[in-house]
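Contents: one structure, followed by commentary.
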Amino acid sequence: MLVKKGGQFYRYKTVRVDGAPKTMYEGKVSSQQLRELEIQKEEQALRKQSYHQTVSLLDALDEVRAVNEWIMRAGLLVNHNYYLRRSEIRRLKHEE
């Protein structure tokens, strides 16, 4: 955890001792370390954004696949009197 006091940043670490949380001082954070931490946070935010974009694209792809499945089933049924059951294409039985 970083804490800003005055113009300086200080690093603290929280640990549990006998079940109770204790905050321990780790030292000052130099300007170089502060820049590195900011870069890491930016990279993490970009990774998170990329992950969310990927998830939304996969959701949209699932919707497209579902619609495609229904179109395929409807085409088989209307044009050729076939239907799908458990990945098998079957012919409709007609009483003649």
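Letters A, B, ... go to the chains of the structure tokens in the order shown; residues in each chain start at 1; ligands are counted from 1 in the same order.
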DSSP on the backbone, then: every residue of range 1-94 of chain A marked helix (DSSP H, G or I), written as an MDAnalysis selection string.
chainID A and resid 31:80
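Minimum atom-to-atom distances from A:Lys5, A:Lys93, A:Arg11, A:His80 to Ser30 in chain A were compared using only C-alpha atoms, and the lowest value belongs to A:Arg11.
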Mind checking which residues fall within 12 Å of Gln32 in chain A, counting only C-alpha atoms, ignoring those fewer than 6 positions away in the same chain, and posting them as number ranges by chain?
A: 9, 38-39
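Coordinates place CA of Met72 in chain A at a distance of 20.7 Å from CA of Leu58 in chain A.
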Enumerate, as a PyMOL selection string, the complete set of residues in chain A that a backbone-based DSSP assignment places in strand (DSSP E or B).
chain A and resi 2-5+8-17+20-29+82-85+88-91
